[in-house]
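Enquirer: One structure, pasted below without further comment.
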Amino acid sequence: MASSQAQPMNHDHVTDARDTWYTILKKKVLSSVTIKPGQRILDIACGTGQVSFLASTDVGPTGQVIGIDTSNDKFEKAISCKSRDSVRYSNVEFLKHDILDLESLNILGEKNFDLVICADERILVDDPFSSVIRWKKFIKSGGYLLVVIPHHKSLVKATAYERTLNRLGFSGGGDCSWLVSEDSLPQVLKSAGFAVERTTFIEQFGQSPRYYDIEDGITEFEKLVGDDTEKFPSDRTLQYLVQHQSTALRIYQSEWARLAVDGEIEEVNGVNVILARNILNIRLSEEDMVAIPAFIGGCRCGKVRYSASVVPSQATYCHCFTCQKLSGGPFLPFVDLKSAGVTFEHSTAHELQNVTSVATRSFCKNCGSPISMTYHGNAEDISLTMGSIDEDSVTVQLPNLDRHIMLKEKAKWYTLPEDGAKREDGISLP
Ligand SMILES: [Zn+2]
Ligand SMILES: [Zn+2]
């Protein structure tokens, strides 16, 4: 969440009690997974390194733990802790790096880790899908991801606040509005190719649930704006809120009321620890094989997701004007398959449009990614944009490029490679 957002689980202003809670939490997080000697563990947003140090004992001298964080006071503490006991922690390595850009760290390799942990509950809140899909690249087939996420009811104040900001037209702030139930993150993990094995709720000690009335919205809004104005005096969003307090308060109150169940808003203080397994490409028995999709895919933001259970028949690059405009490039690559074999998860972001008179195309309304195309009069077949396929989910042989089509409209600035594929001026429907 951005600095101007409400942060109920914020631990920037650490007190002793908070420190103790985090120490207990990290131990509990680790106890929800079995770590074996010799394993390799990646600890993302490792902070003071508590999780890394605890895990280093379990993996032993033949294993390895890599902790990564951006440079901050806590991380410096991790590094100095290791240097004070470098023999004991010889199997722990700390790397200072942007945790949103792990791909550029060649040292991590691919599918190298038995377990990837992110025990900082703030990390997955903003963009859960693209984070887990990126982390998956580092997990072995059959390996595990262990993540911590705020309980959705711990975010009631933040949710009302963020929805208020969105309605006032502030974009780019945090967005925890996707986190609406116990099942929200498991759904994201499932669509990213994980099997969720266990969810454990850990309540912050001494913090039993609190209940608010609808009228409490006024006090909560005033507290949020008041506290944040002290903390971030130059924040422009807050200045706006203070200047337009009555409108903002009215919107906040309506969003606050929307969170009520039977006139009451419940706030739970705690986190969920979720253990998920990377199930793609693992060897399964014959009867399990049918359950594995040929591939899965979707849009850039994760709101549109599909799963394909059949092998595509061919791959074509379409050079028509529409594909140029929609892709912003010289062509759009498609694979063709039977539409009965493609299942889209229900999403209000999946939008169908008749961009041209010959076909219906689908997009993600949220991020703009082109997803599919179906020619009118041929509903049995569907073409999926190849870029929408999650490459590491592919369990079948995808077809090689078969044809360049619609070359009469080809971009003049683009030169076709000598790739041996067939070349057609128009389209020939199968
Ligand atoms: Zn999208
Ligand atoms: Zn086209």
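Starting from 1 in every chain, residues are counted up; chains themselves are A, B, ... following the order of the structure tokens, and ligands are numbered from 1 as listed.
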Can you check which parts of region 339-368 of chain A lie within 9 Å of region 303-314 of chain A? Per residue, the shortest pair of atoms and distance in Å to one decimal, counting only C-alpha atoms, sorted by chain and number, as a tab-separated table.
Expert:
```
residue	atom	partner	partner_atom	distance
A:Ser339	CA	A:Ala308	CA	9.0
A:Ala340	CA	A:Val310	CA	8.7
A:Gly341	CA	A:Ser309	CA	5.1
A:Val342	CA	A:Ala308	CA	4.4
A:Thr343	CA	A:Ser307	CA	5.3
A:Phe344	CA	A:Tyr306	CA	4.2
A:Glu345	CA	A:Arg305	CA	5.6
A:His346	CA	A:Val304	CA	8.0
A:Ser347	CA	A:Val304	CA	6.2
A:Thr348	CA	A:Lys303	CA	8.3
A:Ala349	CA	A:Lys303	CA	6.2
A:His350	CA	A:Val304	CA	5.8
A:Phe363	CA	A:Val304	CA	8.2
A:Cys364	CA	A:Val304	CA	6.0
A:Lys365	CA	A:Lys303	CA	8.8
A:Asn366	CA	A:Lys303	CA	7.4
A:Cys367	CA	A:Lys303	CA	8.5
```
Enquirer: Any idea what's packed within 10 Å of Val273 (chain A), counting only C-alpha atoms, ignoring anything in its chain fewer than 3 positions away? Could you give it as an MDAnalysis selection string?
Expert: chainID A and resid 25 28:30 32 118:119 121 146:151 198:202 270 276
Enquirer: Create the file for the chosen residues now, containing N, CA and C atoms and written as a PDB file, in the first residue's frame.
Expert:
```
ATOM      1  N   LEU A  25       5.164 -14.533  15.258  1.00  0.00           N
ATOM      2  CA  LEU A  25       4.573 -14.802  13.948  1.00  0.00           C
ATOM      3  C   LEU A  25       5.541 -15.574  13.050  1.00  0.00           C
ATOM      4  N   LYS A  28       5.742 -19.105  13.987  1.00  0.00           N
ATOM      5  CA  LYS A  28       4.521 -19.833  13.623  1.00  0.00           C
ATOM      6  C   LYS A  28       4.452 -20.069  12.112  1.00  0.00           C
ATOM      7  N   VAL A  29       4.908 -19.086  11.361  1.00  0.00           N
ATOM      8  CA  VAL A  29       4.898 -19.235   9.906  1.00  0.00           C
ATOM      9  C   VAL A  29       5.734 -20.447   9.515  1.00  0.00           C
ATOM     10  N   LEU A  30       6.934 -20.516  10.084  1.00  0.00           N
ATOM     11  CA  LEU A  30       7.819 -21.625   9.726  1.00  0.00           C
ATOM     12  C   LEU A  30       7.305 -22.975  10.202  1.00  0.00           C
ATOM     13  N   SER A  32       4.455 -24.020  10.018  1.00  0.00           N
ATOM     14  CA  SER A  32       3.382 -24.555   9.186  1.00  0.00           C
ATOM     15  C   SER A  32       3.903 -25.278   7.941  1.00  0.00           C
ATOM     16  N   CYS A 118       7.354 -15.772   1.720  1.00  0.00           N
ATOM     17  CA  CYS A 118       7.229 -14.331   1.892  1.00  0.00           C
ATOM     18  C   CYS A 118       6.417 -14.118   3.161  1.00  0.00           C
ATOM     19  N   ALA A 119       7.111 -13.794   4.239  1.00  0.00           N
ATOM     20  CA  ALA A 119       6.445 -13.691   5.549  1.00  0.00           C
ATOM     21  C   ALA A 119       6.046 -12.259   5.879  1.00  0.00           C
ATOM     22  N   GLU A 121       3.418  -9.633   5.406  1.00  0.00           N
ATOM     23  CA  GLU A 121       2.029  -9.715   4.937  1.00  0.00           C
ATOM     24  C   GLU A 121       1.622  -8.541   4.058  1.00  0.00           C
ATOM     25  N   LEU A 146       5.141 -20.406   0.602  1.00  0.00           N
ATOM     26  CA  LEU A 146       4.542 -20.138   1.909  1.00  0.00           C
ATOM     27  C   LEU A 146       4.412 -18.626   2.050  1.00  0.00           C
ATOM     28  N   VAL A 147       3.169 -18.151   2.110  1.00  0.00           N
ATOM     29  CA  VAL A 147       2.972 -16.696   2.143  1.00  0.00           C
ATOM     30  C   VAL A 147       2.063 -16.280   3.296  1.00  0.00           C
ATOM     31  N   VAL A 148       2.244 -15.046   3.709  1.00  0.00           N
ATOM     32  CA  VAL A 148       1.413 -14.487   4.774  1.00  0.00           C
ATOM     33  C   VAL A 148       0.614 -13.338   4.165  1.00  0.00           C
ATOM     34  N   ILE A 149      -0.657 -13.274   4.511  1.00  0.00           N
ATOM     35  CA  ILE A 149      -1.545 -12.246   3.961  1.00  0.00           C
ATOM     36  C   ILE A 149      -2.449 -11.751   5.104  1.00  0.00           C
ATOM     37  N   PRO A 150      -2.735 -10.450   5.169  1.00  0.00           N
ATOM     38  CA  PRO A 150      -3.623  -9.997   6.238  1.00  0.00           C
ATOM     39  C   PRO A 150      -4.971 -10.711   6.139  1.00  0.00           C
ATOM     40  N   HIS A 151      -5.572 -10.983   7.273  1.00  0.00           N
ATOM     41  CA  HIS A 151      -6.940 -11.497   7.246  1.00  0.00           C
ATOM     42  C   HIS A 151      -7.813 -10.407   6.617  1.00  0.00           C
ATOM     43  N   ARG A 198      -2.880 -25.686   2.683  1.00  0.00           N
ATOM     44  CA  ARG A 198      -3.273 -25.373   4.049  1.00  0.00           C
ATOM     45  C   ARG A 198      -3.360 -23.862   4.250  1.00  0.00           C
ATOM     46  N   THR A 199      -4.397 -23.421   4.993  1.00  0.00           N
ATOM     47  CA  THR A 199      -4.490 -22.027   5.419  1.00  0.00           C
ATOM     48  C   THR A 199      -4.575 -22.011   6.939  1.00  0.00           C
ATOM     49  N   THR A 200      -3.686 -21.278   7.582  1.00  0.00           N
ATOM     50  CA  THR A 200      -3.690 -21.211   9.045  1.00  0.00           C
ATOM     51  C   THR A 200      -3.887 -19.768   9.472  1.00  0.00           C
ATOM     52  N   PHE A 201      -4.895 -19.534  10.304  1.00  0.00           N
ATOM     53  CA  PHE A 201      -5.124 -18.179  10.800  1.00  0.00           C
ATOM     54  C   PHE A 201      -4.315 -17.969  12.077  1.00  0.00           C
ATOM     55  N   ILE A 202      -3.565 -16.880  12.133  1.00  0.00           N
ATOM     56  CA  ILE A 202      -2.816 -16.554  13.354  1.00  0.00           C
ATOM     57  C   ILE A 202      -3.317 -15.214  13.861  1.00  0.00           C
ATOM     58  N   GLY A 270      -5.195 -10.127  12.618  1.00  0.00           N
ATOM     59  CA  GLY A 270      -4.375 -11.310  12.431  1.00  0.00           C
ATOM     60  C   GLY A 270      -4.094 -11.547  10.962  1.00  0.00           C
ATOM     61  N   ALA A 276       1.131 -23.393  -0.359  1.00  0.00           N
ATOM     62  CA  ALA A 276       0.643 -23.845  -1.666  1.00  0.00           C
ATOM     63  C   ALA A 276       1.750 -24.574  -2.393  1.00  0.00           C
TER      64      ALA A 276
END
```
Enquirer: List all protein, DNA and RNA residues that have at least one atom no more than 6 Å from any atom of ligand 2, counting only C-alpha atoms and all ligand atoms, and write them as a ChimeraX atom specification.
Expert: /A:318-320,322-323
Enquirer: Between CA of Leu179 (chain A) and CA of Lys153 (chain A), measure the distance and give it in Å to one decimal.
Expert: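 Distance reported for this atom pair: 9.0 Å.
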Enquirer: May I have the residues within 12 Å of region 246-259 of chain A as JSON, numbers by chain, using only C-alpha atoms and disregarding those fewer than 6 positions away in the same chain?
Expert: {"A": [152, 153, 155, 156, 157, 158, 159, 160, 161, 162, 163, 164, 165, 166, 167, 168, 169, 170, 177, 180, 211, 212, 213, 214, 215, 216, 217, 218, 219, 220, 221, 222, 223, 224, 225, 237, 238, 239, 240, 265, 266, 267]}
Enquirer: Would you save the residues from that selection as a CSV table (one decimal), in the first residue's frame, using N, CA and C atoms?
Expert:
```
chain,number,residue,atom,x,y,z
A,152,HIS,N,-8.8,-10.8,5.7
A,152,HIS,CA,-9.5,-9.8,5.0
A,152,HIS,C,-10.2,-8.8,6.0
A,153,LYS,N,-10.6,-9.3,7.1
A,153,LYS,CA,-11.4,-8.5,8.1
A,153,LYS,C,-10.4,-7.6,8.9
A,155,LEU,N,-8.6,-5.6,7.4
A,155,LEU,CA,-8.5,-4.5,6.4
A,155,LEU,C,-9.7,-3.6,6.3
A,156,VAL,N,-10.7,-3.8,7.1
A,156,VAL,CA,-12.0,-3.1,6.9
A,156,VAL,C,-11.8,-1.6,6.8
A,157,LYS,N,-10.9,-1.0,7.7
A,157,LYS,CA,-10.7,0.4,7.6
A,157,LYS,C,-10.0,0.8,6.3
A,158,ALA,N,-9.0,0.0,6.0
A,158,ALA,CA,-8.2,0.3,4.8
A,158,ALA,C,-9.1,0.2,3.6
A,159,THR,N,-9.9,-0.8,3.6
A,159,THR,CA,-10.8,-1.0,2.4
A,159,THR,C,-11.7,0.2,2.2
A,160,ALA,N,-12.4,0.6,3.3
A,160,ALA,CA,-13.3,1.8,3.1
A,160,ALA,C,-12.5,3.0,2.7
A,161,TYR,N,-11.3,3.2,3.2
A,161,TYR,CA,-10.5,4.3,2.9
A,161,TYR,C,-10.1,4.3,1.4
A,162,GLU,N,-9.6,3.1,0.9
A,162,GLU,CA,-9.2,3.0,-0.4
A,162,GLU,C,-10.3,3.2,-1.4
A,163,ARG,N,-11.4,2.6,-1.1
A,163,ARG,CA,-12.6,2.7,-2.0
A,163,ARG,C,-13.0,4.2,-2.1
A,164,THR,N,-12.9,4.9,-0.9
A,164,THR,CA,-13.2,6.3,-0.9
A,164,THR,C,-12.3,7.1,-1.9
A,165,LEU,N,-11.0,6.8,-1.8
A,165,LEU,CA,-10.0,7.5,-2.6
A,165,LEU,C,-10.3,7.2,-4.1
A,166,ASN,N,-10.6,5.9,-4.4
A,166,ASN,CA,-10.9,5.5,-5.8
A,166,ASN,C,-12.1,6.3,-6.3
A,167,ARG,N,-13.1,6.4,-5.5
A,167,ARG,CA,-14.3,7.2,-5.9
A,167,ARG,C,-14.0,8.6,-6.1
A,168,LEU,N,-13.0,9.1,-5.3
A,168,LEU,CA,-12.7,10.6,-5.5
A,168,LEU,C,-11.7,10.8,-6.7
A,169,GLY,N,-11.4,9.7,-7.3
A,169,GLY,CA,-10.6,9.8,-8.5
A,169,GLY,C,-9.1,9.7,-8.3
A,170,PHE,N,-8.7,9.2,-7.1
A,170,PHE,CA,-7.2,9.0,-6.9
A,170,PHE,C,-6.9,7.7,-7.4
A,177,SER,N,-9.0,-4.2,-2.3
A,177,SER,CA,-10.4,-4.5,-2.4
A,177,SER,C,-10.6,-5.9,-3.0
A,180,VAL,N,-11.5,-10.2,-0.2
A,180,VAL,CA,-12.8,-10.1,0.4
A,180,VAL,C,-13.2,-11.3,1.2
A,211,TYR,N,-15.9,-5.0,17.1
A,211,TYR,CA,-17.1,-4.7,16.4
A,211,TYR,C,-17.4,-3.2,16.3
A,212,TYR,N,-17.8,-2.8,15.1
A,212,TYR,CA,-18.1,-1.4,15.0
A,212,TYR,C,-19.6,-1.2,14.5
A,213,ASP,N,-20.2,-0.1,14.8
A,213,ASP,CA,-21.5,0.3,14.3
A,213,ASP,C,-21.3,1.1,13.0
A,214,ILE,N,-22.4,1.2,12.2
A,214,ILE,CA,-22.3,2.0,11.0
A,214,ILE,C,-21.9,3.5,11.3
A,215,GLU,N,-22.4,4.0,12.5
A,215,GLU,CA,-22.2,5.4,12.8
A,215,GLU,C,-20.7,5.6,13.1
A,216,ASP,N,-19.9,4.5,13.5
A,216,ASP,CA,-18.5,4.7,13.8
A,216,ASP,C,-17.7,5.1,12.6
A,217,GLY,N,-18.3,5.0,11.4
A,217,GLY,CA,-17.6,5.5,10.2
A,217,GLY,C,-17.0,6.9,10.3
A,218,ILE,N,-17.8,7.8,11.0
A,218,ILE,CA,-17.4,9.2,11.1
A,218,ILE,C,-16.1,9.2,11.9
A,219,THR,N,-16.1,8.6,13.1
A,219,THR,CA,-14.9,8.6,13.9
A,219,THR,C,-13.7,8.0,13.2
A,220,GLU,N,-13.9,6.9,12.6
A,220,GLU,CA,-12.8,6.2,11.9
A,220,GLU,C,-12.2,7.0,10.8
A,221,PHE,N,-13.1,7.7,10.0
A,221,PHE,CA,-12.6,8.6,9.0
A,221,PHE,C,-11.7,9.7,9.6
A,222,GLU,N,-12.3,10.3,10.6
A,222,GLU,CA,-11.5,11.4,11.2
A,222,GLU,C,-10.2,11.0,11.8
A,223,LYS,N,-10.2,9.8,12.4
A,223,LYS,CA,-8.9,9.2,12.9
A,223,LYS,C,-7.9,9.0,11.8
A,224,LEU,N,-8.4,8.4,10.7
A,224,LEU,CA,-7.5,8.0,9.6
A,224,LEU,C,-6.9,9.3,9.0
A,225,VAL,N,-7.7,10.3,8.7
A,225,VAL,CA,-7.2,11.5,8.1
A,225,VAL,C,-6.3,12.2,9.1
A,237,THR,N,-2.8,13.9,-1.4
A,237,THR,CA,-4.1,13.2,-1.3
A,237,THR,C,-4.7,13.7,0.0
A,238,LEU,N,-4.0,13.7,1.1
A,238,LEU,CA,-4.5,14.0,2.4
A,238,LEU,C,-4.9,15.5,2.4
A,239,GLN,N,-4.1,16.4,1.8
A,239,GLN,CA,-4.5,17.8,1.7
A,239,GLN,C,-5.8,17.9,1.0
A,240,TYR,N,-6.0,17.1,-0.1
A,240,TYR,CA,-7.3,17.2,-0.8
A,240,TYR,C,-8.4,16.8,0.1
A,265,ILE,N,-19.8,-4.1,11.8
A,265,ILE,CA,-18.6,-4.3,11.0
A,265,ILE,C,-17.6,-5.0,11.9
A,266,GLU,N,-17.2,-6.2,11.5
A,266,GLU,CA,-16.2,-6.9,12.3
A,266,GLU,C,-14.8,-6.7,11.9
A,267,GLU,N,-13.9,-6.4,12.8
A,267,GLU,CA,-12.5,-6.3,12.5
A,267,GLU,C,-11.7,-7.4,13.2
```
Enquirer: I'd like the contact shell of Phe94 (chain A) - 8 Å cut-off, only C-alpha atoms, skipping same-chain residues fewer than 4 positions apart - returned as a PyMOL selection string.
Expert: chain A and resi 66-68+78-79
Enquirer: Measure the distance from CA of Val355 (chain A) to CA of Met386 (chain A) in Å and round it to one decimal.
Expert: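 Atom-to-atom, CA of Val355 (chain A) and CA of Met386 (chain A) are spaced 19.2 Å apart.
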Enquirer: What parts of region 30-144 of chain A does DSSP call strand (DSSP E or B)? I'd like the answer as a VMD selection string.
Expert: chain A and resid 40 to 44 64 to 69 92 to 96 113 to 118 139 to 144
Enquirer: For Gln207 (chain A), which residue among A:Glu230, A:Val268, A:Glu182, A:Val335 is the nearest when counting only C-alpha atoms?
Expert: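 Using only C-alpha atoms, Gln207 (chain A) sits closest to A:Val268.
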Enquirer: Looking at only C-alpha atoms, which of A:Asp228, A:Asp98, A:Glu76, A:Asp43 is the one that sits closest to Leu145 (chain A)?
Expert: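 So, comparing all the options, the nearest one is A:Asp43.
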Enquirer: Taking only C-alpha atoms and all ligand atoms into account, name the residue in A:Gly142, A:Gly109, A:Pro37, A:Gly298 that is nearest to ligand 1.
Expert: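 Between A:Gly142, A:Gly109, A:Pro37, A:Gly298, the residue approaching ligand 1 most closely is A:Gly298.
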Enquirer: Identify all residues of region 104-324 of chain A in helix (DSSP H, G or I) (DSSP on the backbone) and supply them as a ChimeraX atom specification.
Expert: /A:104,106-108,123-126,128-136,152-167,184-191,216-231,236-243,245-258,286-289,321-324
Enquirer: Would you write out those residues with C-alpha atoms, as a PDB file, in the first residue's frame?
Expert:
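The result, stored in result-v9.pdb:
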```
ATOM      1  CA  SER A 104      17.428  -9.909 -12.850  1.00  0.00           C
ATOM      2  CA  ASN A 106      20.915 -14.520 -12.128  1.00  0.00           C
ATOM      3  CA  ILE A 107      22.231 -16.184  -9.000  1.00  0.00           C
ATOM      4  CA  LEU A 108      18.693 -17.419  -8.209  1.00  0.00           C
ATOM      5  CA  ILE A 123       3.819  -7.625  -0.026  1.00  0.00           C
ATOM      6  CA  LEU A 124       1.018  -9.557  -1.707  1.00  0.00           C
ATOM      7  CA  VAL A 125      -1.739  -7.053  -1.004  1.00  0.00           C
ATOM      8  CA  ASP A 126      -1.227  -4.770  -3.980  1.00  0.00           C
ATOM      9  CA  PRO A 128      -1.010 -10.698  -5.762  1.00  0.00           C
ATOM     10  CA  PHE A 129      -1.273 -12.397  -9.133  1.00  0.00           C
ATOM     11  CA  SER A 130       1.793 -10.976 -10.813  1.00  0.00           C
ATOM     12  CA  SER A 131       3.856 -11.530  -7.652  1.00  0.00           C
ATOM     13  CA  VAL A 132       3.004 -15.203  -7.235  1.00  0.00           C
ATOM     14  CA  ILE A 133       3.358 -15.932 -10.947  1.00  0.00           C
ATOM     15  CA  ARG A 134       6.861 -14.387 -10.837  1.00  0.00           C
ATOM     16  CA  TRP A 135       7.888 -16.216  -7.677  1.00  0.00           C
ATOM     17  CA  LYS A 136       6.702 -19.478  -9.165  1.00  0.00           C
ATOM     18  CA  HIS A 152      -9.499  -9.765   5.009  1.00  0.00           C
ATOM     19  CA  LYS A 153     -11.371  -8.472   8.061  1.00  0.00           C
ATOM     20  CA  SER A 154      -8.209  -6.825   9.406  1.00  0.00           C
ATOM     21  CA  LEU A 155      -8.456  -4.476   6.442  1.00  0.00           C
ATOM     22  CA  VAL A 156     -11.961  -3.088   6.909  1.00  0.00           C
ATOM     23  CA  LYS A 157     -10.721   0.437   7.622  1.00  0.00           C
ATOM     24  CA  ALA A 158      -8.191   0.344   4.804  1.00  0.00           C
ATOM     25  CA  THR A 159     -10.796  -1.029   2.389  1.00  0.00           C
ATOM     26  CA  ALA A 160     -13.289   1.764   3.141  1.00  0.00           C
ATOM     27  CA  TYR A 161     -10.490   4.324   2.852  1.00  0.00           C
ATOM     28  CA  GLU A 162      -9.154   3.000  -0.449  1.00  0.00           C
ATOM     29  CA  ARG A 163     -12.599   2.748  -1.995  1.00  0.00           C
ATOM     30  CA  THR A 164     -13.196   6.347  -0.947  1.00  0.00           C
ATOM     31  CA  LEU A 165      -9.982   7.450  -2.627  1.00  0.00           C
ATOM     32  CA  ASN A 166     -10.884   5.526  -5.771  1.00  0.00           C
ATOM     33  CA  ARG A 167     -14.305   7.157  -5.903  1.00  0.00           C
ATOM     34  CA  SER A 184      -9.436 -14.653  -2.202  1.00  0.00           C
ATOM     35  CA  LEU A 185      -5.728 -15.508  -2.180  1.00  0.00           C
ATOM     36  CA  PRO A 186      -6.261 -19.273  -2.629  1.00  0.00           C
ATOM     37  CA  GLN A 187      -8.199 -18.425  -5.831  1.00  0.00           C
ATOM     38  CA  VAL A 188      -5.301 -16.323  -7.088  1.00  0.00           C
ATOM     39  CA  LEU A 189      -2.844 -19.114  -6.259  1.00  0.00           C
ATOM     40  CA  LYS A 190      -5.020 -21.670  -8.020  1.00  0.00           C
ATOM     41  CA  SER A 191      -5.186 -19.628 -11.189  1.00  0.00           C
ATOM     42  CA  ASP A 216     -18.525   4.661  13.826  1.00  0.00           C
ATOM     43  CA  GLY A 217     -17.594   5.456  10.203  1.00  0.00           C
ATOM     44  CA  ILE A 218     -17.385   9.152  11.077  1.00  0.00           C
ATOM     45  CA  THR A 219     -14.899   8.644  13.926  1.00  0.00           C
ATOM     46  CA  GLU A 220     -12.824   6.183  11.907  1.00  0.00           C
ATOM     47  CA  PHE A 221     -12.579   8.571   8.977  1.00  0.00           C
ATOM     48  CA  GLU A 222     -11.536  11.439  11.225  1.00  0.00           C
ATOM     49  CA  LYS A 223      -8.940   9.241  12.921  1.00  0.00           C
ATOM     50  CA  LEU A 224      -7.480   8.038   9.608  1.00  0.00           C
ATOM     51  CA  VAL A 225      -7.217  11.499   8.116  1.00  0.00           C
ATOM     52  CA  GLY A 226      -5.987  12.990  11.401  1.00  0.00           C
ATOM     53  CA  ASP A 227      -3.276  10.355  12.017  1.00  0.00           C
ATOM     54  CA  ASP A 228      -2.031  10.360   8.454  1.00  0.00           C
ATOM     55  CA  THR A 229      -1.935  14.148   8.248  1.00  0.00           C
ATOM     56  CA  GLU A 230       0.449  14.091  11.194  1.00  0.00           C
ATOM     57  CA  LYS A 231       2.587  11.352   9.651  1.00  0.00           C
ATOM     58  CA  ARG A 236      -1.339  15.832  -1.599  1.00  0.00           C
ATOM     59  CA  THR A 237      -4.094  13.221  -1.302  1.00  0.00           C
ATOM     60  CA  LEU A 238      -4.506  14.045   2.366  1.00  0.00           C
ATOM     61  CA  GLN A 239      -4.469  17.770   1.691  1.00  0.00           C
ATOM     62  CA  TYR A 240      -7.302  17.203  -0.774  1.00  0.00           C
ATOM     63  CA  LEU A 241      -9.239  15.113   1.749  1.00  0.00           C
ATOM     64  CA  VAL A 242      -8.875  17.779   4.401  1.00  0.00           C
ATOM     65  CA  GLN A 243     -10.013  20.482   1.969  1.00  0.00           C
ATOM     66  CA  GLN A 245     -13.722  16.824   4.091  1.00  0.00           C
ATOM     67  CA  SER A 246     -17.511  16.778   3.916  1.00  0.00           C
ATOM     68  CA  THR A 247     -17.676  15.063   0.493  1.00  0.00           C
ATOM     69  CA  ALA A 248     -14.936  12.613   1.428  1.00  0.00           C
ATOM     70  CA  LEU A 249     -16.603  11.799   4.721  1.00  0.00           C
ATOM     71  CA  ARG A 250     -19.948  11.169   3.002  1.00  0.00           C
ATOM     72  CA  ILE A 251     -18.301   8.728   0.585  1.00  0.00           C
ATOM     73  CA  TYR A 252     -16.311   7.059   3.362  1.00  0.00           C
ATOM     74  CA  GLN A 253     -19.465   6.580   5.408  1.00  0.00           C
ATOM     75  CA  SER A 254     -21.247   4.904   2.512  1.00  0.00           C
ATOM     76  CA  GLU A 255     -18.271   2.592   1.864  1.00  0.00           C
ATOM     77  CA  TRP A 256     -18.002   1.848   5.580  1.00  0.00           C
ATOM     78  CA  ALA A 257     -21.710   0.977   5.693  1.00  0.00           C
ATOM     79  CA  ARG A 258     -21.270  -1.382   2.716  1.00  0.00           C
ATOM     80  CA  GLU A 286      -2.355 -41.766 -15.323  1.00  0.00           C
ATOM     81  CA  GLU A 287      -5.704 -40.862 -13.791  1.00  0.00           C
ATOM     82  CA  ASP A 288      -4.393 -37.506 -12.575  1.00  0.00           C
ATOM     83  CA  MET A 289      -3.141 -36.618 -16.043  1.00  0.00           C
ATOM     84  CA  PHE A 321      -4.518  -3.756 -39.596  1.00  0.00           C
ATOM     85  CA  THR A 322      -6.669  -4.645 -36.581  1.00  0.00           C
ATOM     86  CA  CYS A 323      -4.043  -6.959 -35.095  1.00  0.00           C
ATOM     87  CA  GLN A 324      -1.406  -4.258 -35.626  1.00  0.00           C
TER      88      GLN A 324
END
```
Enquirer: Measuring atom to atom with only C-alpha atoms, identify which of A:Leu275, A:Asp114, A:Gly426, A:Ser90 is nearest to Ser31 (chain A).
Expert: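 Ranking A:Leu275, A:Asp114, A:Gly426, A:Ser90 by distance to Ser31 (chain A), first place goes to A:Leu275.
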